file final-v1.pdb (PDB, C-alpha atoms and all ligand atoms)
ATOM      1  CA  MET A  18       9.645  -6.098  19.322
ATOM      2  CA  ASP A  19       9.659  -2.533  20.632
ATOM      3  CA  VAL A  20       8.129   0.417  18.845
ATOM      4  CA  PHE A  21      11.473   1.657  17.502
ATOM      5  CA  GLU A  22      12.206  -1.691  15.901
ATOM      6  CA  ALA A  23       8.681  -1.935  14.512
ATOM      7  CA  VAL A  24       9.065   1.435  12.775
ATOM      8  CA  ASP A  25      12.606   0.748  11.626
ATOM      9  CA  SER A  26      11.885  -2.708  10.224
ATOM     10  CA  ARG A  27       8.717  -1.842   8.294
ATOM     11  CA  ILE A  28       9.098  -1.964   4.548
ATOM     12  CA  ALA A  29       6.710  -1.869   1.622
ATOM     13  CA  CYS A  30       6.858  -5.615   1.115
ATOM     14  CA  ARG A  31       6.527  -6.739  -2.507
ATOM     15  CA  GLN A  32       6.805 -10.508  -2.159
ATOM     16  CA  PHE A  33       5.148 -12.685   0.456
ATOM     17  CA  PHE A  34       5.517 -16.329   1.398
ATOM     18  CA  ASP A  35       2.666 -18.710   0.688
ATOM     19  CA  LYS A  36       1.916 -18.980   4.401
ATOM     20  CA  PRO A  37      -1.495 -18.253   5.881
ATOM     21  CA  VAL A  38      -2.037 -15.705   8.647
ATOM     22  CA  ASP A  39      -4.168 -16.706  11.625
ATOM     23  CA  PRO A  40      -7.557 -14.962  11.130
ATOM     24  CA  LYS A  41      -7.508 -13.982  14.823
ATOM     25  CA  ILE A  42      -4.304 -12.015  14.223
ATOM     26  CA  VAL A  43      -5.798 -10.217  11.223
ATOM     27  CA  LYS A  44      -8.889  -9.244  13.186
ATOM     28  CA  ASP A  45      -6.758  -8.131  16.099
ATOM     29  CA  LEU A  46      -4.609  -5.918  13.852
ATOM     30  CA  ILE A  47      -7.590  -4.295  12.193
ATOM     31  CA  ALA A  48      -9.185  -3.597  15.566
ATOM     32  CA  ARG A  49      -6.023  -2.372  17.313
ATOM     33  CA  ALA A  50      -5.025  -0.046  14.465
ATOM     34  CA  ALA A  51      -8.227   1.862  15.127
ATOM     35  CA  ARG A  52      -6.419   3.312  18.171
ATOM     36  CA  ALA A  53      -4.835   5.636  15.564
ATOM     37  CA  ALA A  54      -5.586   9.292  16.189
ATOM     38  CA  SER A  55      -8.000  11.118  13.898
ATOM     39  CA  GLY A  56      -9.079  14.748  13.815
ATOM     40  CA  GLY A  57     -12.175  15.133  16.014
ATOM     41  CA  ASN A  58     -11.992  11.342  16.470
ATOM     42  CA  LEU A  59     -13.922  10.968  13.210
ATOM     43  CA  GLN A  60     -12.257   7.591  12.512
ATOM     44  CA  SER A  61     -12.772   8.015   8.797
ATOM     45  CA  TRP A  62     -11.468   4.572   7.798
ATOM     46  CA  ASN A  63     -13.568   1.709   6.474
ATOM     47  CA  VAL A  64     -11.863  -1.609   5.998
ATOM     48  CA  TYR A  65     -12.756  -4.620   3.854
ATOM     49  CA  ALA A  66     -10.695  -7.732   4.581
ATOM     50  CA  LEU A  67     -10.394 -10.682   2.198
ATOM     51  CA  THR A  68      -8.654 -14.013   2.404
ATOM     52  CA  GLY A  69      -9.141 -17.605   1.167
ATOM     53  CA  LYS A  70     -11.899 -18.252  -1.361
ATOM     54  CA  PRO A  71     -13.274 -14.700  -1.665
ATOM     55  CA  LEU A  72      -9.763 -13.389  -2.266
ATOM     56  CA  ALA A  73      -9.081 -16.065  -4.896
ATOM     57  CA  GLU A  74     -12.380 -15.267  -6.654
ATOM     58  CA  PHE A  75     -11.636 -11.568  -6.612
ATOM     59  CA  LYS A  76      -8.112 -12.051  -7.943
ATOM     60  CA  ALA A  77      -9.460 -14.195 -10.796
ATOM     61  CA  ILE A  78     -11.819 -11.381 -11.833
ATOM     62  CA  VAL A  79      -8.969  -8.875 -11.692
ATOM     63  CA  GLN A  80      -6.638 -11.097 -13.708
ATOM     64  CA  LYS A  81      -9.230 -11.248 -16.510
ATOM     65  CA  ARG A  82      -9.430  -7.466 -16.544
ATOM     66  CA  ILE A  83      -5.703  -6.824 -16.591
ATOM     67  CA  ALA A  84      -5.240  -9.406 -19.345
ATOM     68  CA  ARG A  85      -7.494  -7.184 -21.498
ATOM     69  CA  GLU A  86      -6.132  -3.766 -20.573
ATOM     70  CA  ASP A  87      -3.047  -2.082 -19.170
ATOM     71  CA  PRO A  88      -4.140  -0.867 -15.701
ATOM     72  CA  ARG A  89      -1.565   1.927 -15.785
ATOM     73  CA  HIS A  90      -3.867   3.643 -18.294
ATOM     74  CA  SER A  91      -6.988   3.319 -16.142
ATOM     75  CA  LYS A  92      -8.217   6.569 -14.653
ATOM     76  CA  THR A  93      -8.385   6.949 -10.879
ATOM     77  CA  LYS A  94     -11.168   8.673  -8.940
ATOM     78  CA  TYR A  95      -8.690  10.776  -7.024
ATOM     79  CA  GLN A  96      -5.393  12.201  -8.168
ATOM     80  CA  VAL A  97      -2.723   9.897  -6.780
ATOM     81  CA  TYR A  98       0.200  12.096  -7.892
ATOM     82  CA  PRO A  99       0.332  15.657  -9.215
ATOM     83  CA  ASP A 100       0.612  15.873 -12.975
ATOM     84  CA  PRO A 101       3.245  16.876 -13.839
ATOM     85  CA  MET A 102       5.450  15.759 -10.972
ATOM     86  CA  PHE A 103       7.988  18.331  -9.873
ATOM     87  CA  GLY A 104      11.154  19.057  -7.885
ATOM     88  CA  ALA A 105      12.387  16.734  -5.161
ATOM     89  CA  TYR A 106       9.163  14.685  -5.301
ATOM     90  CA  LYS A 107       9.755  13.821  -8.939
ATOM     91  CA  ASP A 108      13.379  12.954  -8.207
ATOM     92  CA  ARG A 109      12.461  10.712  -5.284
ATOM     93  CA  ARG A 110       9.824   8.872  -7.253
ATOM     94  CA  GLU A 111      12.254   8.260 -10.077
ATOM     95  CA  GLU A 112      14.912   7.108  -7.634
ATOM     96  CA  HIS A 113      12.398   4.699  -6.119
ATOM     97  CA  GLY A 114      11.696   3.198  -9.560
ATOM     98  CA  ILE A 115      15.404   2.866 -10.295
ATOM     99  CA  GLN A 116      15.975   1.141  -6.961
ATOM    100  CA  LEU A 117      13.059  -1.299  -7.267
ATOM    101  CA  TYR A 118      13.547  -2.230 -10.906
ATOM    102  CA  GLY A 119      17.324  -2.247 -10.461
ATOM    103  CA  SER A 120      17.037  -4.715  -7.594
ATOM    104  CA  LEU A 121      14.787  -6.933  -9.705
ATOM    105  CA  GLY A 122      17.147  -6.713 -12.681
ATOM    106  CA  ILE A 123      14.406  -5.165 -14.805
ATOM    107  CA  ASP A 124      15.673  -2.845 -17.521
ATOM    108  CA  ARG A 125      13.765   0.435 -17.340
ATOM    109  CA  SER A 126      13.430   0.358 -21.121
ATOM    110  CA  ASP A 127      11.692  -3.045 -20.974
ATOM    111  CA  PRO A 128       7.974  -2.192 -20.934
ATOM    112  CA  VAL A 129       6.804  -5.808 -20.720
ATOM    113  CA  ALA A 130       8.877  -6.623 -17.624
ATOM    114  CA  ARG A 131       7.893  -3.306 -16.012
ATOM    115  CA  LEU A 132       4.210  -3.979 -16.577
ATOM    116  CA  GLY A 133       4.686  -7.508 -15.224
ATOM    117  CA  GLN A 134       6.118  -6.129 -11.993
ATOM    118  CA  PHE A 135       3.431  -3.429 -11.710
ATOM    119  CA  ASN A 136       0.744  -6.049 -12.196
ATOM    120  CA  LYS A 137       2.034  -7.980  -9.176
ATOM    121  CA  ASN A 138       0.197  -5.311  -7.223
ATOM    122  CA  PHE A 139      -2.992  -6.952  -8.415
ATOM    123  CA  GLU A 140      -1.991 -10.262  -6.896
ATOM    124  CA  PHE A 141      -1.222  -8.461  -3.630
ATOM    125  CA  PHE A 142       2.335  -9.684  -4.183
ATOM    126  CA  ASP A 143       1.015 -13.167  -3.264
ATOM    127  CA  ALA A 144      -0.006 -12.069   0.242
ATOM    128  CA  PRO A 145      -2.656 -14.321   1.808
ATOM    129  CA  VAL A 146      -4.590 -11.381   3.282
ATOM    130  CA  ALA A 147      -5.837  -8.354   1.389
ATOM    131  CA  LEU A 148      -7.491  -5.235   2.748
ATOM    132  CA  PHE A 149      -9.204  -2.393   0.999
ATOM    133  CA  ILE A 150      -9.407   0.945   2.774
ATOM    134  CA  THR A 151     -12.235   3.225   1.750
ATOM    135  CA  ILE A 152     -13.492   6.638   2.814
ATOM    136  CA  ASP A 153     -16.795   8.482   2.619
ATOM    137  CA  ARG A 154     -16.611  10.760  -0.435
ATOM    138  CA  ARG A 155     -18.017  13.668   1.561
ATOM    139  CA  LEU A 156     -14.996  13.753   3.859
ATOM    140  CA  GLY A 157     -12.090  16.060   3.098
ATOM    141  CA  PRO A 158      -8.277  16.262   3.213
ATOM    142  CA  GLY A 159      -8.195  16.173   7.022
ATOM    143  CA  GLN A 160      -9.924  12.812   7.066
ATOM    144  CA  TRP A 161      -7.863  11.477   4.163
ATOM    145  CA  ALA A 162      -4.772  12.256   6.225
ATOM    146  CA  ASP A 163      -6.312  10.245   9.080
ATOM    147  CA  LEU A 164      -6.420   7.223   6.768
ATOM    148  CA  GLY A 165      -2.629   7.446   6.604
ATOM    149  CA  GLY A 166      -2.475   7.223  10.386
ATOM    150  CA  TYR A 167      -4.661   4.129  10.382
ATOM    151  CA  ILE A 168      -2.618   2.478   7.635
ATOM    152  CA  HIS A 169       0.640   3.072   9.473
ATOM    153  CA  ALA A 170      -0.765   1.837  12.756
ATOM    154  CA  LEU A 171      -1.654  -1.364  10.896
ATOM    155  CA  ALA A 172       1.806  -1.615   9.366
ATOM    156  CA  PHE A 173       3.659  -1.122  12.661
ATOM    157  CA  LEU A 174       1.371  -3.443  14.630
ATOM    158  CA  ALA A 175       1.824  -6.095  11.947
ATOM    159  CA  ARG A 176       5.567  -6.028  12.647
ATOM    160  CA  GLY A 177       4.739  -6.976  16.232
ATOM    161  CA  TYR A 178       3.360 -10.249  14.868
ATOM    162  CA  GLY A 179       6.357 -10.718  12.538
ATOM    163  CA  LEU A 180       4.163  -9.789   9.572
ATOM    164  CA  ASP A 181       4.899  -7.577   6.602
ATOM    165  CA  THR A 182       2.608  -5.239   4.737
ATOM    166  CA  CYS A 183       2.328  -3.141   1.605
ATOM    167  CA  PRO A 184      -0.027  -0.194   1.159
ATOM    168  CA  GLN A 185      -1.164  -0.142  -2.473
ATOM    169  CA  GLU A 186      -2.542   2.916  -4.197
ATOM    170  CA  ALA A 187      -2.268   0.950  -7.445
ATOM    171  CA  TRP A 188      -5.706  -0.427  -6.622
ATOM    172  CA  ALA A 189      -7.194   3.047  -7.113
ATOM    173  CA  ARG A 190      -6.816   2.299 -10.841
ATOM    174  CA  LEU A 191      -9.248  -0.607 -10.536
ATOM    175  CA  TYR A 192     -11.684   1.160  -8.200
ATOM    176  CA  ASP A 193     -14.696   0.076 -10.258
ATOM    177  CA  THR A 194     -13.818  -3.640 -10.188
ATOM    178  CA  VAL A 195     -13.114  -3.410  -6.437
ATOM    179  CA  GLY A 196     -16.335  -1.443  -5.829
ATOM    180  CA  GLU A 197     -18.435  -3.944  -7.723
ATOM    181  CA  PHE A 198     -16.945  -6.962  -5.949
ATOM    182  CA  LEU A 199     -17.251  -5.442  -2.469
ATOM    183  CA  ARG A 200     -20.615  -3.871  -3.315
ATOM    184  CA  LEU A 201     -19.371  -0.535  -2.025
ATOM    185  CA  PRO A 202     -22.152   1.944  -1.313
ATOM    186  CA  ASP A 203     -22.198   5.010  -3.631
ATOM    187  CA  ASN A 204     -20.900   7.312  -0.901
ATOM    188  CA  GLU A 205     -17.746   5.257  -0.335
ATOM    189  CA  MET A 206     -14.629   5.520  -2.424
ATOM    190  CA  LEU A 207     -11.560   3.348  -2.504
ATOM    191  CA  PHE A 208      -8.328   4.846  -1.186
ATOM    192  CA  CYS A 209      -5.970   1.885  -1.404
ATOM    193  CA  GLY A 210      -5.376  -1.811  -1.028
ATOM    194  CA  PHE A 211      -3.164  -3.216   1.695
ATOM    195  CA  ALA A 212      -1.367  -6.555   1.565
ATOM    196  CA  ILE A 213      -0.591  -8.497   4.751
ATOM    197  CA  GLY A 214       1.480 -11.657   5.111
ATOM    198  CA  TYR A 215       4.842 -13.121   5.980
ATOM    199  CA  GLY A 216       7.306 -11.284   3.783
ATOM    200  CA  ASP A 217      10.061 -12.986   1.850
ATOM    201  CA  ARG A 218      12.718 -10.561   3.010
ATOM    202  CA  LYS A 219      15.397 -12.219   0.885
ATOM    203  CA  HIS A 220      13.455 -11.783  -2.358
ATOM    204  CA  LYS A 221      14.984  -9.167  -4.673
ATOM    205  CA  ALA A 222      11.778  -7.099  -4.507
ATOM    206  CA  ASN A 223      12.414  -6.633  -0.778
ATOM    207  CA  ASP A 224      16.171  -6.696  -0.723
ATOM    208  CA  PHE A 225      16.839  -2.961  -0.616
ATOM    209  CA  ARG A 226      16.344  -0.144   1.815
ATOM    210  CA  SER A 227      14.444   2.887   0.526
ATOM    211  CA  PRO A 228      16.345   6.129   1.182
ATOM    212  CA  ARG A 229      15.080   9.107   3.148
ATOM    213  CA  ALA A 230      15.876  12.785   2.846
ATOM    214  CA  GLU A 231      18.305  14.264   5.347
ATOM    215  CA  LEU A 232      16.642  15.669   8.462
ATOM    216  CA  SER A 233      17.699  19.205   7.453
ATOM    217  CA  GLU A 234      15.781  18.838   4.172
ATOM    218  CA  PHE A 235      12.402  18.428   5.836
ATOM    219  CA  CYS A 236      12.650  19.934   9.323
ATOM    220  CA  LYS A 237      13.626  23.372  10.585
ATOM    221  CA  PHE A 238      14.375  23.486  14.283
ATOM    222  CA  TYR A 239      13.750  26.545  16.437
ATOM    223  CA  GLY A 240      15.253  26.796  19.912
ATOM    224  CA  PHE A 241      16.823  23.333  20.003
ATOM    225  CA  ASP A 242      20.471  24.516  20.039
TER     226      ASP A 242
HETATM  227  C1  LIG B 301      -0.529   5.274   0.673
HETATM  228  C2  LIG B 301       0.552   4.476   0.021
HETATM  229  C3  LIG B 301       0.325   3.856  -1.182
HETATM  230  C4  LIG B 301       1.304   3.055  -1.783
HETATM  231  N1  LIG B 301       1.014   2.394  -2.954
HETATM  232  C5  LIG B 301       1.899   1.499  -3.451
HETATM  233  C6  LIG B 301       1.549   0.675  -4.551
HETATM  234  O1  LIG B 301       0.474   0.770  -5.132
HETATM  235  N2  LIG B 301       2.427  -0.265  -4.965
HETATM  236  C7  LIG B 301       3.655  -0.412  -4.366
HETATM  237  O2  LIG B 301       4.418  -1.298  -4.789
HETATM  238  N3  LIG B 301       4.029   0.371  -3.325
HETATM  239  C8  LIG B 301       3.168   1.297  -2.848
HETATM  240  N4  LIG B 301       3.498   2.058  -1.745
HETATM  241  C9  LIG B 301       4.810   1.860  -1.114
HETATM  242  C10 LIG B 301       5.764   3.016  -1.354
HETATM  243  O3  LIG B 301       6.289   2.962  -2.658
HETATM  244  C11 LIG B 301       6.863   2.909  -0.288
HETATM  245  O4  LIG B 301       6.281   3.133   0.975
HETATM  246  C12 LIG B 301       7.988   3.913  -0.489
HETATM  247  O5  LIG B 301       8.675   3.663  -1.696
HETATM  248  C13 LIG B 301       9.008   3.865   0.684
HETATM  249  O6  LIG B 301       9.518   2.563   0.825
HETATM  250  P1  LIG B 301       9.331   1.738   2.192
HETATM  251  O7  LIG B 301       7.872   1.737   2.529
HETATM  252  O8  LIG B 301       9.851   0.360   1.867
HETATM  253  O9  LIG B 301      10.134   2.444   3.230
HETATM  254  C14 LIG B 301       2.556   2.911  -1.166
HETATM  255  C15 LIG B 301       2.797   3.558   0.057
HETATM  256  C16 LIG B 301       1.810   4.331   0.636
HETATM  257  C17 LIG B 301       2.066   4.982   1.965
END
call {"tool": "encode", "arguments": {"input": "final-v1.pdb", "output": "structure tokens"}}
result
Amino acid sequence: MDVFEAVDSRIACRQFFDKPVDPKIVKDLIARAARAASGGNLQSWNVYALTGKPLAEFKAIVQKRIAREDPRHSKTKYQVYPDPMFGAYKDRREEHGIQLYGSLGIDRSDPVARLGQFNKNFEFFDAPVALFITIDRRLGPGQWADLGGYIHALAFLARGYGLDTCPQEAWARLYDTVGEFLRLPDNEMLFCGFAIGYGDRKHKANDFRSPRAELSEFCKFYGFD
């Protein structure tokens, strides 16, 4: 697979097959993605990788928590989205919800089904490998942006192995449960989870293509005529 195909075929995968991933591949991905650029080469990412028994134990703890409380009401340690949302960003987010829930046949006025789908985040959409990406709290926006580079390097490299991925900010809502399980030091905070596995591309949760704004909406060209 060439780099163009890797970029083009990446999706946020929301249903995985029950098929293990060779641990060597996971380690290779995590190591290779660190070739991502970072300002001043700070390499601000920390990664925690779980599979097998530890992942099952962790998921069991999380399931108990989300049976007691609606995670959508849990406060995050960083602001995931502006409140209120505005303009094109608000529209795109809404469109994304319509597309995802529409594909799954979930009525937007059905709170139980919507919560059920949201909570699949906390099963990593059945992926056999789960990562958590954390950052030192003392680092700033520049280094947070570098996390995005690392995450996308992971996602594109995973395509090279025929794997799918899903970055998951939803986990920021359960930062305390994650922190306790991983025994995160006080200076580290959770940015997101990241699911890795063989994606069920035919599943309704994956059976749509997310739209993108027209080039003219986000880029102004100077001197290219
Ligand atoms: C940092 C980050 C966090 C995300 N968090 C979630 C999440 O918690 N749950 C989820 O289902 N998708 C999550 N996504 C996936 C986005 O919704 C998805 O990338 C976007 O809708 C575009 O779709 P595509 O990735 O399939 O092209 C996240 C993506 C990024 C980059």
call {"tool": "resolve_selection", "arguments": {"input": "final-v1.pdb", "expression": "the PyMOL selection byres (((not hetatm)) within 7 of (chain B and resi 301))", "output": "JSON, numbers by chain"}}
result
{"A": [27, 28, 29, 30, 31, 113, 138, 165, 183, 184, 185, 186, 187, 188, 209, 226, 227]}
call {"tool": "closest_residue", "arguments": {"input": "final-v1.pdb", "among": "A:Met102, A:Leu156, A:Met18, A:Leu207", "to": "Gly56 in chain A", "atoms": "all atoms listed in the file"}}
result
A:Leu156
call {"tool": "residues_near_point", "arguments": {"input": "final-v1.pdb", "point": "(-3.6, 4.1, 14.6)", "cutoff": "7 Å", "atoms": "only C-alpha atoms", "output": "CSV table (one decimal) with C-alpha atoms, in the frame of the given file"}}
result
chain,number,residue,atom,x,y,z
A,50,ALA,CA,-5.0,0.0,14.5
A,51,ALA,CA,-8.2,1.9,15.1
A,52,ARG,CA,-6.4,3.3,18.2
A,53,ALA,CA,-4.8,5.6,15.6
A,54,ALA,CA,-5.6,9.3,16.2
A,166,GLY,CA,-2.5,7.2,10.4
A,167,TYR,CA,-4.7,4.1,10.4
A,169,HIS,CA,0.6,3.1,9.5
A,170,ALA,CA,-0.8,1.8,12.8
A,171,LEU,CA,-1.7,-1.4,10.9
call {"tool": "residues_around", "arguments": {"input": "final-v1.pdb", "residues": "Gly69 in chain A", "least_positions_apart": "6", "cutoff": "12 Å", "atoms": "all atoms listed in the file", "output": "JSON, numbers by chain"}}
result
{"A": [35, 36, 37, 38, 39, 40, 75, 76, 143, 144, 145, 146, 147]}
call {"tool": "atom_distance", "arguments": {"input": "final-v1.pdb", "atom1": "CA of Ile152 in chain A", "atom2": "CA of Glu205 in chain A"}}
result
5.5 Å
call {"tool": "build_atoms", "arguments": {"input": "final-v1.pdb", "residues": "range 99-127 of chain A", "atoms": "N, CA and C atoms", "output": "mmCIF file, keeping the file's coordinate frame"}}
result
data_model
loop_
_atom_site.group_PDB
_atom_site.id
_atom_site.type_symbol
_atom_site.label_atom_id
_atom_site.label_comp_id
_atom_site.auth_asym_id
_atom_site.auth_seq_id
_atom_site.Cartn_x
_atom_site.Cartn_y
_atom_site.Cartn_z
ATOM 1 N N PRO A 99 0.548 14.476 -8.377
ATOM 2 C CA PRO A 99 0.332 15.657 -9.215
ATOM 3 C C PRO A 99 0.825 15.386 -10.633
ATOM 4 N N ASP A 100 0.199 16.042 -11.577
ATOM 5 C CA ASP A 100 0.612 15.873 -12.975
ATOM 6 C C ASP A 100 0.816 17.259 -13.576
ATOM 7 N N PRO A 101 2.034 17.665 -13.900
ATOM 8 C CA PRO A 101 3.245 16.876 -13.839
ATOM 9 C C PRO A 101 3.844 16.829 -12.437
ATOM 10 N N MET A 102 4.680 15.820 -12.210
ATOM 11 C CA MET A 102 5.450 15.759 -10.972
ATOM 12 C C MET A 102 6.520 16.848 -11.021
ATOM 13 N N PHE A 103 7.022 17.234 -9.876
ATOM 14 C CA PHE A 103 7.988 18.331 -9.873
ATOM 15 C C PHE A 103 9.011 18.174 -8.740
ATOM 16 N N GLY A 104 10.135 18.884 -8.926
ATOM 17 C CA GLY A 104 11.154 19.057 -7.885
ATOM 18 C C GLY A 104 11.623 17.770 -7.233
ATOM 19 N N ALA A 105 11.831 17.866 -5.919
ATOM 20 C CA ALA A 105 12.387 16.734 -5.161
ATOM 21 C C ALA A 105 11.447 15.530 -5.204
ATOM 22 N N TYR A 106 10.133 15.797 -5.304
ATOM 23 C CA TYR A 106 9.163 14.685 -5.301
ATOM 24 C C TYR A 106 9.341 13.828 -6.552
ATOM 25 N N LYS A 107 9.530 14.522 -7.661
ATOM 26 C CA LYS A 107 9.755 13.821 -8.939
ATOM 27 C C LYS A 107 11.047 13.001 -8.844
ATOM 28 N N ASP A 108 12.080 13.645 -8.313
ATOM 29 C CA ASP A 108 13.379 12.954 -8.207
ATOM 30 C C ASP A 108 13.266 11.707 -7.341
ATOM 31 N N ARG A 109 12.555 11.854 -6.219
ATOM 32 C CA ARG A 109 12.461 10.712 -5.284
ATOM 33 C C ARG A 109 11.678 9.572 -5.912
ATOM 34 N N ARG A 110 10.626 9.930 -6.631
ATOM 35 C CA ARG A 110 9.824 8.872 -7.253
ATOM 36 C C ARG A 110 10.654 8.123 -8.297
ATOM 37 N N GLU A 111 11.411 8.900 -9.049
ATOM 38 C CA GLU A 111 12.254 8.260 -10.077
ATOM 39 C C GLU A 111 13.303 7.363 -9.427
ATOM 40 N N GLU A 112 13.882 7.873 -8.347
ATOM 41 C CA GLU A 112 14.912 7.108 -7.634
ATOM 42 C C GLU A 112 14.314 5.796 -7.097
ATOM 43 N N HIS A 113 13.073 5.905 -6.634
ATOM 44 C CA HIS A 113 12.398 4.699 -6.119
ATOM 45 C C HIS A 113 12.263 3.647 -7.226
ATOM 46 N N GLY A 114 11.846 4.111 -8.422
ATOM 47 C CA GLY A 114 11.696 3.198 -9.560
ATOM 48 C C GLY A 114 13.030 2.559 -9.925
ATOM 49 N N ILE A 115 14.066 3.378 -9.936
ATOM 50 C CA ILE A 115 15.404 2.866 -10.295
ATOM 51 C C ILE A 115 15.830 1.799 -9.297
ATOM 52 N N GLN A 116 15.564 2.078 -8.012
ATOM 53 C CA GLN A 116 15.975 1.141 -6.961
ATOM 54 C C GLN A 116 15.210 -0.184 -7.071
ATOM 55 N N LEU A 117 13.885 -0.082 -7.213
ATOM 56 C CA LEU A 117 13.059 -1.299 -7.267
ATOM 57 C C LEU A 117 13.372 -2.124 -8.516
ATOM 58 N N TYR A 118 13.324 -1.480 -9.668
ATOM 59 C CA TYR A 118 13.547 -2.230 -10.906
ATOM 60 C C TYR A 118 15.001 -2.695 -11.004
ATOM 61 N N GLY A 119 15.906 -1.857 -10.470
ATOM 62 C CA GLY A 119 17.324 -2.247 -10.461
ATOM 63 C C GLY A 119 17.516 -3.506 -9.639
ATOM 64 N N SER A 120 16.900 -3.550 -8.465
ATOM 65 C CA SER A 120 17.037 -4.715 -7.594
ATOM 66 C C SER A 120 16.491 -5.977 -8.273
ATOM 67 N N LEU A 121 15.413 -5.792 -9.036
ATOM 68 C CA LEU A 121 14.787 -6.933 -9.705
ATOM 69 C C LEU A 121 15.470 -7.285 -11.024
ATOM 70 N N GLY A 122 16.449 -6.470 -11.411
ATOM 71 C CA GLY A 122 17.147 -6.713 -12.681
ATOM 72 C C GLY A 122 16.265 -6.423 -13.879
ATOM 73 N N ILE A 123 15.297 -5.518 -13.695
ATOM 74 C CA ILE A 123 14.406 -5.165 -14.805
ATOM 75 C C ILE A 123 14.931 -3.890 -15.463
ATOM 76 N N ASP A 124 15.189 -3.993 -16.757
ATOM 77 C CA ASP A 124 15.673 -2.845 -17.521
ATOM 78 C C ASP A 124 14.528 -1.834 -17.637
ATOM 79 N N ARG A 125 14.827 -0.584 -17.310
ATOM 80 C CA ARG A 125 13.765 0.435 -17.340
ATOM 81 C C ARG A 125 13.200 0.658 -18.745
ATOM 82 N N SER A 126 13.947 0.199 -19.750
ATOM 83 C CA SER A 126 13.430 0.358 -21.121
ATOM 84 C C SER A 126 12.684 -0.906 -21.579
ATOM 85 N N ASP A 127 12.411 -1.808 -20.630
ATOM 86 C CA ASP A 127 11.692 -3.045 -20.974
ATOM 87 C C ASP A 127 10.238 -2.939 -20.493
#
